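What's in run-v1.txt: compact mmCIF, C-alpha atoms
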# COMPACT_ATOMS: atom_id res chain seq x y z
CA MET I 25 15.69 26.17 -56.57
CA ARG I 26 13.53 23.27 -55.52
CA LEU I 27 10.59 24.39 -53.48
CA GLY I 28 7.87 22.61 -51.68
CA LEU I 29 7.25 21.37 -48.22
CA ARG I 30 3.53 21.55 -47.72
CA GLY I 31 0.24 22.89 -48.98
CA LEU I 32 -1.35 22.94 -52.43
CA VAL I 33 0.03 25.71 -54.64
CA ARG I 34 -2.71 28.05 -55.83
CA GLY I 35 -2.07 30.42 -58.69
CA GLN I 36 0.97 32.69 -58.60
CA GLY I 37 0.35 34.31 -55.23
CA GLY I 38 2.79 34.55 -52.37
CA THR I 39 1.04 32.20 -49.95
CA ILE I 40 1.06 28.43 -49.92
CA PRO I 41 -2.44 27.72 -48.61
CA SER I 42 -3.36 24.37 -47.15
CA SER I 43 -5.66 22.75 -44.68
CA ARG I 44 -4.91 23.87 -41.16
CA ARG I 45 -2.72 22.10 -38.65
CA ALA I 46 -3.08 22.58 -34.93
CA GLU I 47 -0.08 24.01 -33.10
CA ASP I 48 -0.45 21.41 -30.36
CA GLY I 49 0.51 18.73 -32.87
CA THR I 50 -2.95 17.36 -33.61
CA GLU I 51 -4.24 17.26 -37.17
CA ALA I 52 -6.66 19.85 -38.49
CA GLY I 53 -6.58 18.80 -42.13
CA THR I 54 -4.57 17.14 -44.89
CA TYR I 55 -1.53 18.51 -46.66
CA ARG I 56 -0.32 17.93 -50.19
CA SER I 57 3.18 19.03 -51.03
CA PRO I 58 3.75 21.53 -53.86
CA PHE I 59 7.04 19.72 -54.37
CA LEU I 60 5.07 16.69 -55.52
CA LYS I 61 2.90 18.89 -57.73
CA LEU I 62 5.89 20.55 -59.36
CA HIS I 63 8.30 17.64 -59.51
CA GLY I 64 6.26 14.48 -59.24
CA PRO I 65 6.21 11.79 -56.54
CA ARG I 66 9.92 10.98 -56.48
CA SER I 67 10.40 8.65 -53.54
CA PRO I 68 13.33 10.47 -51.78
CA HIS I 69 11.08 13.49 -51.29
CA ARG I 70 7.74 11.92 -50.39
CA LEU I 71 8.25 12.62 -46.68
CA LEU I 72 8.06 16.32 -47.49
CA ASP I 73 4.36 15.82 -48.14
CA ARG I 74 3.62 16.12 -44.44
CA LEU I 75 4.79 18.80 -42.04
CA THR I 76 3.73 19.52 -38.50
CA ALA I 77 2.69 22.94 -37.30
CA GLN I 78 5.94 23.12 -35.37
CA GLN I 79 7.99 22.54 -38.52
CA ILE I 80 6.09 25.25 -40.37
CA SER I 81 6.79 27.70 -37.56
CA LEU I 82 10.46 26.74 -37.44
CA ILE I 83 10.81 27.39 -41.15
CA GLN I 84 9.23 30.79 -40.65
CA THR I 85 11.37 31.76 -37.68
CA VAL I 86 14.56 30.99 -39.63
CA ALA I 87 13.34 32.74 -42.77
CA LEU I 88 12.32 35.84 -40.81
CA GLY I 89 15.45 35.84 -38.65
CA ASP I 90 13.24 36.28 -35.58
CA THR I 91 14.05 34.12 -32.55
CA ASP I 92 10.86 35.33 -30.80
CA TYR I 93 8.57 34.30 -33.65
CA LEU I 94 7.40 31.05 -32.03
CA SER I 95 5.52 33.08 -29.41
CA ARG I 96 3.24 34.47 -32.13
CA SER I 97 3.46 31.84 -34.86
CA PHE I 98 -0.14 30.74 -34.35
CA TYR I 99 -3.66 32.08 -33.98
CA GLN I 100 -6.56 30.86 -31.89
CA ASP I 101 -9.23 29.07 -33.90
CA PRO I 102 -12.59 30.32 -32.57
CA ALA I 103 -14.39 27.13 -33.60
CA SER I 104 -12.11 24.53 -32.02
CA GLY I 105 -10.18 26.66 -29.56
CA LYS I 106 -6.94 25.16 -30.89
CA ARG I 107 -3.85 27.17 -31.76
CA ILE I 108 -3.39 26.99 -35.54
CA ALA I 109 -0.08 27.57 -37.32
CA ARG I 110 0.03 30.57 -39.61
CA GLU I 111 0.27 29.89 -43.32
CA LEU I 112 3.66 29.52 -44.90
CA GLU I 113 4.50 32.07 -47.57
CA ARG I 114 6.46 31.31 -50.71
CA LYS I 115 9.22 33.78 -49.89
CA GLU I 116 9.63 32.24 -46.43
CA LEU I 117 9.96 28.78 -47.91
CA ALA I 118 12.40 30.02 -50.55
CA GLN I 119 14.54 31.81 -47.97
CA PHE I 120 14.65 28.77 -45.71
CA SER I 121 15.45 26.38 -48.56
CA SER I 122 18.26 28.55 -49.91
CA GLY I 123 19.57 29.14 -46.38
CA TRP I 124 19.64 25.42 -45.67
CA LYS I 125 21.45 24.71 -48.91
CA ALA I 126 24.09 27.34 -48.10
CA ASP I 127 24.60 26.61 -44.40
CA PRO I 128 22.53 23.91 -42.65
CA VAL I 129 24.27 24.42 -39.31
CA HIS I 130 23.30 28.10 -39.29
CA CYS I 131 19.66 27.10 -39.78
CA ILE I 132 19.91 24.51 -37.01
CA ARG I 133 21.44 27.09 -34.69
CA ALA I 134 18.62 29.54 -35.47
CA MET I 135 15.99 26.90 -34.72
CA ASN I 136 17.69 26.02 -31.44
CA LEU I 137 17.76 29.65 -30.35
CA ALA I 138 14.07 30.02 -31.13
CA ILE I 139 13.11 26.85 -29.26
CA ALA I 140 15.17 27.97 -26.27
CA ARG I 141 12.93 31.08 -26.02
CA ILE I 142 9.90 28.92 -25.24
CA PRO I 143 9.32 29.30 -21.49
CA GLU I 144 10.49 26.38 -19.35
CA GLY I 145 6.96 26.19 -17.94
CA GLU I 146 5.78 25.05 -21.39
CA GLY I 147 7.87 21.91 -21.32
CA ALA I 148 5.56 19.79 -23.45
CA ARG I 149 5.42 22.47 -26.16
CA ARG I 150 9.20 22.86 -26.13
CA GLU I 151 9.63 19.10 -26.45
CA ARG I 152 7.34 19.02 -29.51
CA TYR I 153 9.51 21.66 -31.15
CA VAL I 154 12.72 19.82 -30.28
CA ARG I 155 11.47 16.64 -31.93
CA ALA I 156 9.97 18.50 -34.88
CA ALA I 157 13.26 20.28 -35.54
CA VAL I 158 15.23 17.03 -35.68
CA ASP I 159 12.70 15.54 -38.10
CA LEU I 160 12.72 18.69 -40.22
CA GLU I 161 16.50 18.51 -40.49
CA VAL I 162 16.26 14.97 -41.86
CA LEU I 163 13.62 16.09 -44.36
CA MET I 164 15.81 18.95 -45.53
CA ASP I 165 18.78 16.61 -45.86
CA ARG I 166 16.69 14.50 -48.21
CA GLN I 167 15.54 17.47 -50.26
CA SER I 168 18.95 19.10 -50.57
CA ARG I 169 20.70 16.08 -52.05
CA SER I 170 22.24 16.94 -55.40
CA GLY I 171 24.07 15.00 -58.06
CA PRO I 172 23.60 11.37 -59.09
CA SER I 173 22.79 9.02 -56.24
CA GLY I 174 25.84 6.97 -55.34
CA ARG I 175 28.36 9.32 -56.96
CA VAL I 176 31.69 9.27 -55.13
CA TYR I 177 33.17 12.60 -54.01
CA LYS I 178 36.58 13.53 -52.66
CA GLY I 179 37.13 15.11 -49.26
CA ILE I 180 34.95 15.37 -46.16
CA PRO I 181 31.91 17.68 -46.28
CA GLY I 182 31.55 20.35 -43.62
CA TYR I 183 28.08 19.06 -42.80
CA LEU I 184 27.23 15.36 -42.52
CA MET I 185 23.75 14.90 -43.89
CA ASN I 186 21.43 11.96 -43.62
CA GLY I 187 22.65 9.39 -46.16
CA TYR I 188 26.28 10.49 -46.01
CA THR I 189 28.47 7.42 -46.52
CA ASP I 190 32.07 7.51 -45.33
CA MET I 191 34.22 5.46 -47.70
CA GLY I 192 37.63 6.23 -46.24
CA SER I 193 40.57 6.40 -48.61
CA LEU I 194 39.04 3.90 -51.05
CA PRO I 195 36.83 5.38 -53.82
CA SER I 196 35.65 1.94 -55.00
CA VAL I 197 32.21 0.86 -53.81
CA THR I 198 33.14 -2.82 -54.14
CA ALA I 199 36.89 -3.33 -53.62
CA ARG I 200 36.88 -2.44 -49.93
CA ASN I 201 40.20 -4.04 -48.93
CA GLY I 202 39.35 -4.32 -45.25
CA ARG I 203 37.67 -0.93 -44.81
CA GLU I 204 33.89 -0.73 -44.38
CA LYS I 205 31.52 1.91 -45.72
CA ILE I 206 29.71 3.78 -42.91
CA LYS I 207 26.31 5.23 -43.77
CA VAL I 208 24.74 7.91 -41.57
CA ASP I 209 21.11 7.02 -40.84
CA LYS I 210 19.78 9.84 -38.69
CA GLU I 211 16.33 8.29 -38.39
CA ARG I 212 17.75 5.33 -36.48
CA VAL I 213 19.83 7.53 -34.15
CA ARG I 214 17.01 10.04 -33.75
CA GLY I 215 16.81 9.50 -30.01
CA ARG I 216 20.42 10.58 -29.54
CA LEU I 217 19.93 13.65 -31.76
CA VAL I 218 16.79 14.66 -29.87
CA ALA I 219 18.68 14.32 -26.59
CA CYS I 220 21.45 16.57 -27.94
CA LYS I 221 19.02 19.25 -29.03
CA ARG I 222 17.07 19.02 -25.79
CA ARG I 223 20.30 19.61 -23.87
CA VAL I 224 21.41 22.62 -25.91
CA VAL I 225 18.04 24.43 -25.85
CA SER I 226 17.83 24.03 -22.08
CA ARG I 227 21.43 24.85 -21.14
CA GLY I 228 22.93 26.68 -24.12
CA VAL I 229 26.20 26.18 -25.97
CA THR I 230 29.10 26.11 -23.52
CA GLU I 231 32.47 24.42 -23.19
CA GLU I 232 30.79 21.99 -20.78
CA LEU I 233 28.44 20.98 -23.61
CA LEU I 234 31.39 19.62 -25.58
CA GLU I 235 32.44 17.57 -22.56
CA HIS I 236 28.88 16.28 -22.24
CA PHE I 237 28.80 15.16 -25.89
CA TYR I 238 32.26 13.62 -25.50
CA SER I 239 31.09 11.57 -22.54
CA ALA I 240 27.86 10.58 -24.30
CA VAL I 241 29.78 9.16 -27.26
CA ARG I 242 32.22 7.27 -25.04
CA ARG I 243 29.36 5.91 -22.94
CA ASP I 244 27.57 4.52 -26.00
CA ILE I 245 30.54 3.32 -28.07
CA LYS I 246 33.44 1.27 -26.75
CA PHE I 247 36.68 1.14 -28.73
CA ASN I 248 36.72 -2.34 -30.24
CA GLU I 249 38.85 -3.06 -33.32
CA VAL I 250 38.08 -6.77 -33.24
CA GLY I 251 34.34 -6.13 -33.25
CA VAL I 252 34.64 -3.63 -36.11
CA ASP I 253 36.63 -6.11 -38.20
CA LYS I 254 34.11 -8.85 -37.51
CA LEU I 255 31.24 -6.59 -38.60
CA PHE I 256 33.08 -5.69 -41.79
CA ARG I 257 33.53 -9.36 -42.67
CA GLU I 258 29.81 -9.85 -42.13
CA TYR I 259 28.79 -6.98 -44.43
CA GLY I 260 31.57 -7.07 -47.03
CA ASP I 261 30.91 -4.51 -49.79
CA ARG I 262 27.59 -3.40 -48.31
CA SER I 263 27.34 -0.14 -46.41
CA ILE I 264 26.98 -0.50 -42.65
CA ALA I 265 24.49 1.85 -41.00
CA LEU I 266 25.98 4.03 -38.28
CA SER I 267 23.14 2.95 -35.99
CA ARG I 268 24.45 -0.62 -36.18
CA TYR I 269 27.55 0.44 -34.27
CA LEU I 270 25.32 2.13 -31.71
CA ASP I 271 23.23 -1.02 -31.34
CA LEU I 272 26.37 -3.10 -30.78
CA GLY I 273 28.09 -0.44 -28.68
CA LEU I 274 31.37 -0.70 -30.55
CA GLY I 275 33.53 1.27 -32.96
CA VAL I 276 36.91 2.84 -33.57
CA CYS I 277 38.03 6.43 -34.08
CA ARG I 278 36.16 6.98 -37.36
CA HIS I 279 32.84 5.86 -35.86
CA LEU I 280 33.22 7.83 -32.64
CA SER I 281 34.19 11.03 -34.45
CA ILE I 282 31.19 10.73 -36.81
CA PHE I 283 28.85 10.42 -33.84
CA LEU I 284 30.47 13.44 -32.20
CA GLN I 285 30.17 15.43 -35.42
CA LEU I 286 26.44 14.69 -35.62
CA TYR I 287 26.00 15.83 -32.01
CA LEU I 288 27.94 19.05 -32.61
CA GLN I 289 25.85 19.78 -35.69
CA GLU I 290 22.66 19.18 -33.72
CA ALA I 291 23.81 21.84 -31.27
CA GLY I 292 24.36 24.29 -34.13
CA ILE I 293 28.12 24.33 -33.51
CA ASP I 294 30.43 25.03 -36.45
CA SER I 295 32.63 21.94 -36.57
CA ARG I 296 34.50 19.58 -38.86
CA LEU I 297 35.27 15.90 -38.95
CA ILE I 298 38.99 15.59 -39.65
CA LYS I 299 40.89 12.53 -40.85
CA GLY I 300 44.62 12.15 -40.97
CA ASN I 301 47.52 10.64 -39.10
CA LEU I 302 48.35 10.66 -35.42
CA LYS I 303 51.74 10.12 -33.85
CA PHE I 304 51.59 9.50 -30.13
CA PHE I 305 54.67 8.02 -28.48
CA VAL I 306 54.96 4.52 -30.02
CA PHE I 307 51.64 4.75 -31.92
CA SER I 308 51.56 6.05 -35.49
CA GLY I 309 48.66 5.53 -37.87
CA ARG I 310 45.42 6.68 -39.45
CA HIS I 311 43.11 8.55 -37.13
CA ALA I 312 39.98 10.71 -36.98
CA TRP I 313 39.15 13.64 -34.71
CA ASN I 314 37.02 16.81 -34.64
CA LEU I 315 37.51 20.56 -34.66
CA ALA I 316 34.81 22.85 -33.27
CA ARG I 317 34.47 26.61 -32.97
CA LEU I 318 32.67 28.32 -30.10
CA GLY I 319 32.75 32.07 -30.56
CA LYS I 320 36.36 33.06 -31.14
CA ARG I 321 37.80 29.86 -29.66
CA VAL I 322 38.65 26.61 -31.41
CA ALA I 323 38.65 23.16 -29.82
CA LEU I 324 40.44 20.02 -30.94
CA ILE I 325 38.43 17.04 -29.71
CA ASP I 326 39.84 13.53 -29.80
CA VAL I 327 36.99 11.36 -28.60
CA THR I 328 39.17 8.23 -28.91
CA HIS I 329 41.63 9.35 -26.23
CA PRO I 330 42.59 6.38 -24.02
CA ASP I 331 41.56 8.08 -20.77
CA VAL I 332 37.77 7.75 -20.81
CA ASN I 333 37.37 9.79 -17.63
CA GLN I 334 39.40 12.77 -18.89
CA PRO I 335 38.03 14.24 -22.15
CA PHE I 336 40.83 15.20 -24.53
CA ILE I 337 39.73 18.70 -25.57
CA LEU I 338 42.36 21.34 -26.33
CA TRP I 339 41.37 25.00 -26.70
CA GLY I 340 43.04 27.78 -28.63
CA ASP I 341 42.43 30.80 -30.83
CA SER I 342 43.00 28.93 -34.10
CA PRO I 343 43.42 25.39 -35.48
CA GLU I 344 47.16 26.02 -35.69
CA GLU I 345 47.31 26.84 -31.99
CA VAL I 346 45.41 23.74 -30.88
CA TYR I 347 47.62 21.53 -33.05
CA GLN I 348 50.66 23.15 -31.45
CA ARG I 349 49.21 22.49 -28.01
CA ALA I 350 48.66 18.85 -28.97
CA ALA I 351 52.27 18.57 -30.10
CA SER I 352 53.37 19.91 -26.71
CA VAL I 353 51.79 16.83 -25.09
CA SER I 354 53.42 14.48 -27.64
CA ARG I 355 50.37 14.14 -29.91
CA SER I 356 51.04 15.08 -33.54
CA TYR I 357 47.90 15.46 -35.67
CA VAL I 358 48.34 15.84 -39.46
CA ALA I 359 45.23 16.06 -41.63
CA THR I 360 45.25 14.18 -44.93
CA ARG I 361 44.55 15.74 -48.33
CA ASN I 362 41.05 15.74 -49.79
CA ASP I 363 42.01 13.18 -52.43
CA GLN I 364 42.74 10.68 -49.64
CA ASN I 365 39.16 10.76 -48.33
CA HIS I 366 36.01 9.74 -50.20
CA TYR I 367 32.27 9.75 -49.59
CA LYS I 368 28.94 9.41 -51.31
CA ILE I 369 25.38 10.46 -50.57
CA GLY I 370 22.38 8.19 -50.85
CA VAL I 371 22.40 4.53 -51.77

Exercise: express the given structure as structure tokens:
Amino acid sequence: MRLGLRGLVRGQGGTIPSSRRAEDGTEAGTYRSPFLKLHGPRSPHRLLDRLTAQQISLIQTVALGDTDYLSRSFYQDPASGKRIARELERKELAQFSSGWKADPVHCIRAMNLAIARIPEGEGARRERYVRAAVDLEVLMDRQSRSGPSGRVYKGIPGYLMNGYTDMGSLPSVTARNGREKIKVDKERVRGRLVACKRRVVSRGVTEELLEHFYSAVRRDIKFNEVGVDKLFREYGDRSIALSRYLDLGLGVCRHLSIFLQLYLQEAGIDSRLIKGNLKFFVFSGRHAWNLARLGKRVALIDVTHPDVNQPFILWGDSPEEVYQRAASVSRSYVATRNDQNHYKIGV
């Protein structure tokens, strides 16, 4: 297991001591990552050399499984009067790292629940934690990358990490044949992710939240096949950052469903990006949509539905039931096999 997020490792003890960091976000010292000490200054991980007090506390609250931990995650420094984050222990770091590797969305959900427990009267403190959590998620995405950079995989992962590159049905990185490569760059869409997390910690996870995310995607991205084709011709074999589509305000089903998937993940909602074929009256062709689970209910979300003012979200007790409900309104969704979808992580 790769460890290391902050502090200078000392001996074989259980604590990762470091200079102190104020809980209000101001600096109280300098950190050096044990990851760099143990593994060297490999560039994809250099950002792990600096963590805020909020990120330390979020790691601890997930590792301890205690949603109330943020209320006591600091102590008052008698000299400065500042609230200082408690030191991170090795076992806490190991538990968080292994938990993230196994199920990132579970960790995100745990952080959201903890942030939501911060009283509304402490709005500035809550906002610092919201932003720190988004940044921590990007850092963990970087650390948890495995396998050779640029290796092409089959299927669609359950969690879209920073650096995920959607390659469609074509495994070749050069022979694109009219289909662009879409690279998720969470840093450039950070503002949208922060807004999603801010919404969920203030109002919780509800069916209305899915409608809110649906509307947010449709507000930012207009369906525009001509614009997508033009952008592909401009980039050719190069990957196109997802944020580029946000900047231009255009996309098609695959771009909209990726944005929605990122928003669902940010809310800690178990969800999947699905690709396949859609038959809808005279239309028949490749398509992308999302499945999400809230409690015992499953939702099929087609964020490319023609009626912008009426979100196409079908609810049921299982994926089979929502697909049957879709068929009853003349929309046949058939997911493709894993070997018909490809992706890579990194460059």

Checklist line | Who sits within 7 Å of Gly340 in chain I, all atoms listed in the file, same chain under 6 positions skipped, as a ChimeraX atom specification | finding: /I:321-323,346

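The environment of range 227-230 of chain I within 10 Å, counting all atoms listed in the file and disregarding residues fewer than 2 places along the same chain, consists of Arg133, Asn136, Leu137, Ala140, Lys221, Arg222, Arg223, Val224, Val225, Glu232, Leu233, Leu234, Glu235, His236, Leu288, Ala291, Gly292, Ile293, Leu318 and Gly319 of chain I.
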
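The space separating CA of Lys115 in chain I from CA of Asp90 in chain I comes to 15.1 Å.
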
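With all atoms listed in the file as the atoms that count, the minimum distance from Leu82 in chain I to the choices I:Asp326, I:Asp159, I:Glu290, I:Asp341 is reached by I:Asp159.
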
Notebook entry, point to check: What separation in Å, quoted to one decimal, exists between CA of Gly273 in chain I and CA of Tyr177 in chain I?
Noted result: 28.9 Å

Check: For Leu286 in chain I, which residue out of I:Asp127, I:Glu204, I:Asp209, I:Asp92 is the nearest one, using only C-alpha atoms?
Finding: I:Asp209

Check: Expressed in Å to a single decimal, how great is the separation between CA of Lys178 in chain I and CA of Arg262 in chain I?
Finding: 19.7 Å

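The smallest atom-to-atom distance between Ala77 in chain I and any of I:Lys207, I:His366, I:Arg96, I:Arg110, using only C-alpha atoms, is found for I:Arg110.
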
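Using only C-alpha atoms for every distance, the candidate list I:Ala359, I:Leu272, I:Ile139, I:Val353 yields I:Ala359 as the residue closest to His311 in chain I.
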
Using all atoms listed in the file and a cutoff of 12 Å, can you tell me which residues are near (30.8, -6.6, -42.9) in the file's coordinates, and write them out as an mmCIF file with C-alpha atoms, in the frame of the given file?
data_model
loop_
_atom_site.group_PDB
_atom_site.id
_atom_site.type_symbol
_atom_site.label_atom_id
_atom_site.label_comp_id
_atom_site.auth_asym_id
_atom_site.auth_seq_id
_atom_site.Cartn_x
_atom_site.Cartn_y
_atom_site.Cartn_z
ATOM 1 C CA ARG I 200 36.880 -2.440 -49.930
ATOM 2 C CA ASN I 201 40.200 -4.040 -48.930
ATOM 3 C CA GLY I 202 39.350 -4.320 -45.250
ATOM 4 C CA ARG I 203 37.670 -0.930 -44.810
ATOM 5 C CA GLU I 204 33.890 -0.730 -44.380
ATOM 6 C CA LYS I 205 31.520 1.910 -45.720
ATOM 7 C CA ILE I 206 29.710 3.780 -42.910
ATOM 8 C CA GLY I 251 34.340 -6.130 -33.250
ATOM 9 C CA VAL I 252 34.640 -3.630 -36.110
ATOM 10 C CA ASP I 253 36.630 -6.110 -38.200
ATOM 11 C CA LYS I 254 34.110 -8.850 -37.510
ATOM 12 C CA LEU I 255 31.240 -6.590 -38.600
ATOM 13 C CA PHE I 256 33.080 -5.690 -41.790
ATOM 14 C CA ARG I 257 33.530 -9.360 -42.670
ATOM 15 C CA GLU I 258 29.810 -9.850 -42.130
ATOM 16 C CA TYR I 259 28.790 -6.980 -44.430
ATOM 17 C CA GLY I 260 31.570 -7.070 -47.030
ATOM 18 C CA ASP I 261 30.910 -4.510 -49.790
ATOM 19 C CA ARG I 262 27.590 -3.400 -48.310
ATOM 20 C CA SER I 263 27.340 -0.140 -46.410
ATOM 21 C CA ILE I 264 26.980 -0.500 -42.650
ATOM 22 C CA ALA I 265 24.490 1.850 -41.000
ATOM 23 C CA ARG I 268 24.450 -0.620 -36.180
ATOM 24 C CA TYR I 269 27.550 0.440 -34.270
#

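Proximity to Glu146 in chain I was assessed for I:Ser354, I:Ser239, I:Ser95, I:Gln84 counting only C-alpha atoms; the smallest distance is recorded for I:Ser95.
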
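Each of I:Asn248, I:Gln78, I:Ala109, I:Asp271 was compared to Ala156 in chain I using all atoms listed in the file, and I:Gln78 turns out to be the nearest.
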
Notebook entry, point to check: Can you list, as an MDAnalysis selection string, every protein, DNA or RNA residue that comes within 12 Å of Asp331 in chain I when you count only C-alpha atoms, leaving out same-chain residues fewer than 4 positions away?
Noted result: chainID I and resid 238:239 242 247 326:327 335:337

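Counting only C-alpha atoms, range 303-305 of chain I has the following residues at most 6 Å away, ignoring those fewer than 2 positions along the same chain: Phe307, Ser308, Ser354, Arg355 and Ser356 of chain I.
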